[in-house]
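Remarks on the structure that follows.
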Amino acid sequence: MTERRGAAWLCLLAALLFAGATLRDRYDAWIDATPLPSLTLTTSTEVVDRAGLVLRAYTVDDGRWRLAVDPAAVDPRYLAMLVAYEDKRFHRHGGVDPRATLRAAGQAVAAGRIVSGASTLTMQAARLLDEGPTGQWAGKLRQVRLALALERRLTKAQILGLYLARAPFGGNLEGLRSASRAWFGKDPARLTPAEAALLVALPQSPEARRPDLHPDAARAARDRVLDRLAAAGVLSDETARAARAEPVPTRRRDLPALAPHLADRLRAETPQEGRIATTLDAALQARVEDLARSALRGAGARVQVAIVVADHRSGEILAHVGSAAYASDRRQGFVDMSRAMRSPGSTLKPLIYALAFDAGLAHPETLIEDRPTDFGGYAPQNFDGRFRGTLRLREALQQSLNIPAVKLTQAVGPARLMAALDRAGVATALPGGRAGLAVALGGVGTTLEGLTSLYAGLAEGGRSVDLHARAGAAAVPRRRIVGPAAAWQVGDVLTGLTPPPGAPHGVLAWKTGTSYGHRDAWALGWDGRHVVGVWMGRPDGTPVPGAFGGDLAAPVLFQAFGRIGRDRAPLPAPPPDALTVGAADLPAPLRHFGREAEDAGPAPAIAFPPDGARLAVAGELAVKVRDGTPPFTWLADGAPVAIAVRDRESWIAAPGPGFVTLSVIDGTGRAARTRVRLD
């Protein structure tokens, strides 16, 4: 009898073991067959600076901020507080915590209501992944099954990463890093105990505890976390007490939105790239954007500004302002004016001079005539309507005179000028498709980025520089624009310009420009390391009355260099082949451009009125010249009053009562002058 009972018990045990094994196998198969939702998470695109700091971030398609988060880059204290508060046996259970489940069930039975939950961090991650309903038992069972499946297929670190990336923190904030940025203005790498406690508390009731809407509820929830962790020994009483004294944030901080135009462009180029690394310096970018905003104060409601700062040695763009206000306003702030085609005004003159120097046509000390000249029907004027006569090319460029620039362009050839722009990497828009002499004075479309690239090339000894903002960009072979000596000579001339009031002298090679009709004001310059370009004007192309590059853009240029800080570098010494002599020591062909005054006979002299005369005139004044070579141009106080006349006696409109200086320039550029008083 006893033996039969023993055999029966053995059979029963075997049957139970078999049934248990079968159930276990089916359980395992059930868990293994769990369909996992996609674990791939679309995160916010981030544009970062050269040090990895966020310049600008974008919401995902549904309008949520969901910044990518790396658990290894999260403050370890926060992780410890999270696990201790939410799931203290997280590292030991398999997705469901039986002890917590029994505790929650017992408390519910005793109290007649739910007192505490039993959700583990894995179950919470499963709930965030699962798009089905969660309020019914079927939903709970599905999440339990998914949690068990996650534990079998992922590591604990990966499961924690799911939670950190998807947990809700109020409003459209999703993920720990988005919350840390929005509530504390920083990444979660270093958090105070108070900050960490608030971030532990928020996901449980993200809307009811939003600090900006419900600060009291947020503080109470945070303090409960601190109290429990202090009781558990995770925090000391002193640390918890100090943390409770910290205020909770009462407003959301905006995520960074630096370099918005450039960021938009880079994102559009690579829309699938989640993290776009740039060459920009976030701190410098912020300072230059602040400068751009201040530059518009008092400049008119429709005036805009664009600024590009780059390292001309590497071509890396360090700061980029497409406009001062990224908004749809009267200034048209959404338009990236760094890439808008505009007339460059006089900013191409340094290249024209460099080409002439490089071709051996001229030297900075070469003399040239600034007098009324007709270039086959094209008769340009200087910006002030005056002419300076004979002067050095150095002075002509520093004064940005138009006649000498057009003469040099004629000698160099407009086609060679356009070819040099192409070698410098400058995109152009040529009206009519054919370059004429008007190109010298702005008769071609260019962009701020293109001109900044050109000036970077001059700064680099005449070699092209590919300005770029994307980190790790492939190197672009450099092309020769002009020779090192010519590039240095132009820089040496431009260093002698008088800077704006209060700005240092002789530290920059710089040039300004103003387009026809005062539509564009430019200022560009370089030192031994950096190049800066500034444009100001109206995006719609309408004139800005009275706007000159020297008055409007030049101060911004020097202030931009001031924002660069200690990384400034001095301008270079002349290269060995640079000819640094005075006009008298130049080779004969370089002493006077085109030899215009050679073998021209006696110089002109004013025969009437004589110097010092006092004349009573009404309406017209008779003037006479002897010697010299026709045609003659008469000027009164520098303004032309008779142009290209061949008679030696002429009548001119009387300038008016008072002292006046009368000048005559002959066909070779030689001049004479007299000063008289008219009554």
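Residues are named by chain letter and number: chains run A, B, ... in the order of the structure tokens, numbers start at 1 in each chain, and ligands are numbered from 1 in the order shown.
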| request: Report the residues of region 199-337 of chain A whose backbone DSSP state falls under strand (DSSP E), written as a list in words. | output: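 Residues of region 199-337 of chain A classed as strand (DSSP E): Arg275, Ile276, Ala277, Gln304, Val305, Ala306, Ile307, Val308, Val309, Ala310, Asp311, Glu316, Ile317, Leu318, Ala319, His320 and Val321 of chain A.
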| Spatial neighbours of region 166-168 of chain A, 10 Å, only C-alpha atoms, chain gap at least 5 places, as a PyMOL selection string | chain A and resi 41+43+66-69+124-125+127-129+161+173-176+178-179+202-207
| task | For Leu355 (chain A), list every protein, DNA or RNA residue within 8 Å, evaluated using only C-alpha atoms, and leave out those in the same chain fewer than 3 positions away; present the list as a PyMOL selection string. | result | chain A and resi 351-352+358-359+412+417+482+486
Those same residues - N, CA and C atoms - I'd like them written as an mmCIF file, in the first residue's frame.
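Generated output (out-v1.cif):
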data_model
loop_
_atom_site.group_PDB
_atom_site.id
_atom_site.type_symbol
_atom_site.label_atom_id
_atom_site.label_comp_id
_atom_site.auth_asym_id
_atom_site.auth_seq_id
_atom_site.Cartn_x
_atom_site.Cartn_y
_atom_site.Cartn_z
ATOM 1 N N LEU A 351 40.309 94.141 -55.607
ATOM 2 C CA LEU A 351 40.676 93.101 -56.562
ATOM 3 C C LEU A 351 41.171 93.713 -57.865
ATOM 4 N N ILE A 352 40.535 94.786 -58.325
ATOM 5 C CA ILE A 352 40.967 95.453 -59.561
ATOM 6 C C ILE A 352 42.402 95.944 -59.407
ATOM 7 N N ASP A 358 49.488 92.904 -60.036
ATOM 8 C CA ASP A 358 50.003 91.575 -60.372
ATOM 9 C C ASP A 358 50.446 91.491 -61.830
ATOM 10 N N ALA A 359 49.782 92.260 -62.703
ATOM 11 C CA ALA A 359 50.126 92.243 -64.126
ATOM 12 C C ALA A 359 51.280 93.173 -64.460
ATOM 13 N N VAL A 412 43.230 96.143 -67.404
ATOM 14 C CA VAL A 412 43.239 94.721 -67.042
ATOM 15 C C VAL A 412 42.303 93.930 -67.940
ATOM 16 N N LEU A 417 38.772 90.410 -64.882
ATOM 17 C CA LEU A 417 38.204 90.683 -63.562
ATOM 18 C C LEU A 417 37.161 89.630 -63.212
ATOM 19 N N VAL A 482 45.569 86.239 -57.335
ATOM 20 C CA VAL A 482 46.671 87.133 -57.690
ATOM 21 C C VAL A 482 47.903 86.649 -56.925
ATOM 22 N N ALA A 486 51.076 91.241 -54.857
ATOM 23 C CA ALA A 486 49.943 92.109 -55.189
ATOM 24 C C ALA A 486 48.898 92.088 -54.080
#
Closest atom pairs, residues of region 443-496 of chain A within 7 Å of region 554-575 of chain A, only C-alpha atoms, as a tab-separated table:
residue	atom	partner	partner_atom	distance
A:Pro484	CA	A:Pro575	CA	6.8
A:Ala485	CA	A:Pro575	CA	6.0
A:Trp488	CA	A:Pro574	CA	6.3
| task | Find the residues around region 510-516 of chain A up to 8 Å (only C-alpha atoms counted), leave out those fewer than 6 positions away in its own chain, and share them as a ChimeraX atom specification. | result | /A:343-347,350,442,491,494-495,497,522-526,547-550,553-554
Which residues are near region 282-293 of chain A? Cut-off 7 Å, only C-alpha atoms, ignore same chain within fewer than 6 positions. Put them as a PDB file with C-alpha atoms, in the first residue's frame.
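Okay, selection-v8.pdb is ready:
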ATOM      1  CA  ASP A  49      28.839  74.404 -32.855  1.00  0.00           C
ATOM      2  CA  LEU A  53      27.083  73.143 -28.053  1.00  0.00           C
ATOM      3  CA  LEU A  55      23.065  76.336 -31.805  1.00  0.00           C
ATOM      4  CA  LEU A 258      21.400  80.790 -32.906  1.00  0.00           C
ATOM      5  CA  VAL A 305      22.002  93.738 -41.564  1.00  0.00           C
ATOM      6  CA  ALA A 319      29.680  83.377 -36.922  1.00  0.00           C
ATOM      7  CA  HIS A 320      26.897  83.924 -39.418  1.00  0.00           C
ATOM      8  CA  VAL A 321      24.004  86.377 -39.273  1.00  0.00           C
ATOM      9  CA  ALA A 324      19.195  90.534 -37.292  1.00  0.00           C
ATOM     10  CA  ALA A 560      32.581  92.706 -35.049  1.00  0.00           C
ATOM     11  CA  ARG A 563      33.707  90.804 -30.501  1.00  0.00           C
ATOM     12  CA  ILE A 564      36.236  88.199 -31.671  1.00  0.00           C
TER      13      ILE A 564
END
| query | Just asking: which residues within region 325-550 of chain A are alpha helix (DSSP H) according to DSSP, as an NGL selection string? | reply | :A and (349-358 or 393-398 or 402-412 or 414-423 or 448-459 or 484-495)
Those same residues, written as a CSV table (one decimal), in the first residue's frame with C-alpha atoms?
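Output contents, as saved in selection_13.csv:
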chain,number,residue,atom,x,y,z
A,349,LYS,CA,38.2,97.8,-56.3
A,350,PRO,CA,40.8,96.0,-54.1
A,351,LEU,CA,40.7,93.1,-56.6
A,352,ILE,CA,41.0,95.5,-59.6
A,353,TYR,CA,44.0,97.1,-58.1
A,354,ALA,CA,45.5,93.7,-57.1
A,355,LEU,CA,45.1,92.5,-60.7
A,356,ALA,CA,46.8,95.6,-62.1
A,357,PHE,CA,49.7,95.3,-59.6
A,358,ASP,CA,50.0,91.6,-60.4
A,393,LEU,CA,47.2,104.8,-56.8
A,394,ARG,CA,47.5,104.3,-53.1
A,395,GLU,CA,45.5,107.5,-52.5
A,396,ALA,CA,43.1,106.7,-55.3
A,397,LEU,CA,42.1,103.4,-53.7
A,398,GLN,CA,42.0,104.8,-50.2
A,402,ASN,CA,35.9,105.8,-59.6
A,403,ILE,CA,37.9,107.1,-62.6
A,404,PRO,CA,41.2,105.4,-61.6
A,405,ALA,CA,39.4,102.1,-60.9
A,406,VAL,CA,37.7,102.2,-64.3
A,407,LYS,CA,41.0,103.0,-66.0
A,408,LEU,CA,42.7,100.0,-64.3
A,409,THR,CA,39.7,97.8,-65.3
A,410,GLN,CA,40.1,98.9,-68.9
A,411,ALA,CA,43.8,98.1,-68.8
A,412,VAL,CA,43.2,94.7,-67.0
A,414,PRO,CA,36.6,93.2,-67.5
A,415,ALA,CA,36.8,89.6,-68.6
A,416,ARG,CA,40.0,89.0,-66.5
A,417,LEU,CA,38.2,90.7,-63.6
A,418,MET,CA,35.3,88.3,-63.9
A,419,ALA,CA,37.6,85.3,-64.2
A,420,ALA,CA,39.4,86.4,-61.0
A,421,LEU,CA,36.0,86.5,-59.2
A,422,ASP,CA,35.3,83.0,-60.4
A,423,ARG,CA,38.7,81.8,-59.2
A,448,LEU,CA,28.0,88.9,-48.8
A,449,GLU,CA,29.3,85.4,-48.5
A,450,GLY,CA,31.0,85.7,-51.9
A,451,LEU,CA,32.7,89.0,-51.1
A,452,THR,CA,33.8,87.7,-47.7
A,453,SER,CA,35.4,84.8,-49.6
A,454,LEU,CA,37.1,87.2,-51.9
A,455,TYR,CA,38.6,89.2,-49.1
A,456,ALA,CA,39.6,86.0,-47.4
A,457,GLY,CA,41.6,85.1,-50.5
A,458,LEU,CA,43.3,88.5,-50.5
A,459,ALA,CA,44.2,88.0,-46.8
A,484,PRO,CA,51.3,87.2,-52.9
A,485,ALA,CA,53.0,90.6,-53.5
A,486,ALA,CA,49.9,92.1,-55.2
A,487,ALA,CA,47.7,90.8,-52.4
A,488,TRP,CA,49.9,92.2,-49.7
A,489,GLN,CA,50.2,95.6,-51.5
A,490,VAL,CA,46.4,96.0,-51.6
A,491,GLY,CA,46.2,95.0,-47.9
A,492,ASP,CA,49.0,97.5,-47.1
A,493,VAL,CA,47.0,100.3,-48.9
A,494,LEU,CA,43.8,99.4,-47.2
A,495,THR,CA,45.5,99.3,-43.8
| message | Could you list, as number ranges by chain, every residue within 8 Å of Asp370 (chain A), counting only C-alpha atoms and ignoring same-chain residues fewer than 6 positions away? | response | A: 387-391, 401, 403-404, 669
Selection file, C-alpha atoms, as a PDB file, in the first residue's frame:
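The resulting again28.pdb:
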ATOM      1  CA  PHE A 387      38.042 115.157 -59.345  1.00  0.00           C
ATOM      2  CA  ARG A 388      41.457 115.104 -57.677  1.00  0.00           C
ATOM      3  CA  GLY A 389      43.829 115.443 -60.598  1.00  0.00           C
ATOM      4  CA  THR A 390      47.189 113.659 -60.322  1.00  0.00           C
ATOM      5  CA  LEU A 391      47.579 111.369 -57.333  1.00  0.00           C
ATOM      6  CA  LEU A 401      37.860 107.112 -56.606  1.00  0.00           C
ATOM      7  CA  ILE A 403      37.904 107.098 -62.569  1.00  0.00           C
ATOM      8  CA  PRO A 404      41.204 105.406 -61.605  1.00  0.00           C
ATOM      9  CA  GLY A 669      45.859 115.054 -66.888  1.00  0.00           C
TER      10      GLY A 669
END
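Distance check against Glu46 (chain A) using only C-alpha atoms: of A:Pro98, A:Pro188, A:Gly333, A:Pro256, the minimum falls on A:Pro256.
The smallest atom-to-atom distance between Ala607 (chain A) and any of A:Val625, A:Leu552, A:Leu467, A:Leu121, using only C-alpha atoms, is found for A:Val625.
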| query | Could you name the residues that touch Ala240 (chain A) at 7 Å or less, counting only C-alpha atoms, but leaving out those on the same chain fewer than 6 positions away, as a list of chain:residue names? | reply |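 Near neighbours after the sequence-gap exclusion: A:Leu226, A:Asp227, A:Ala230.
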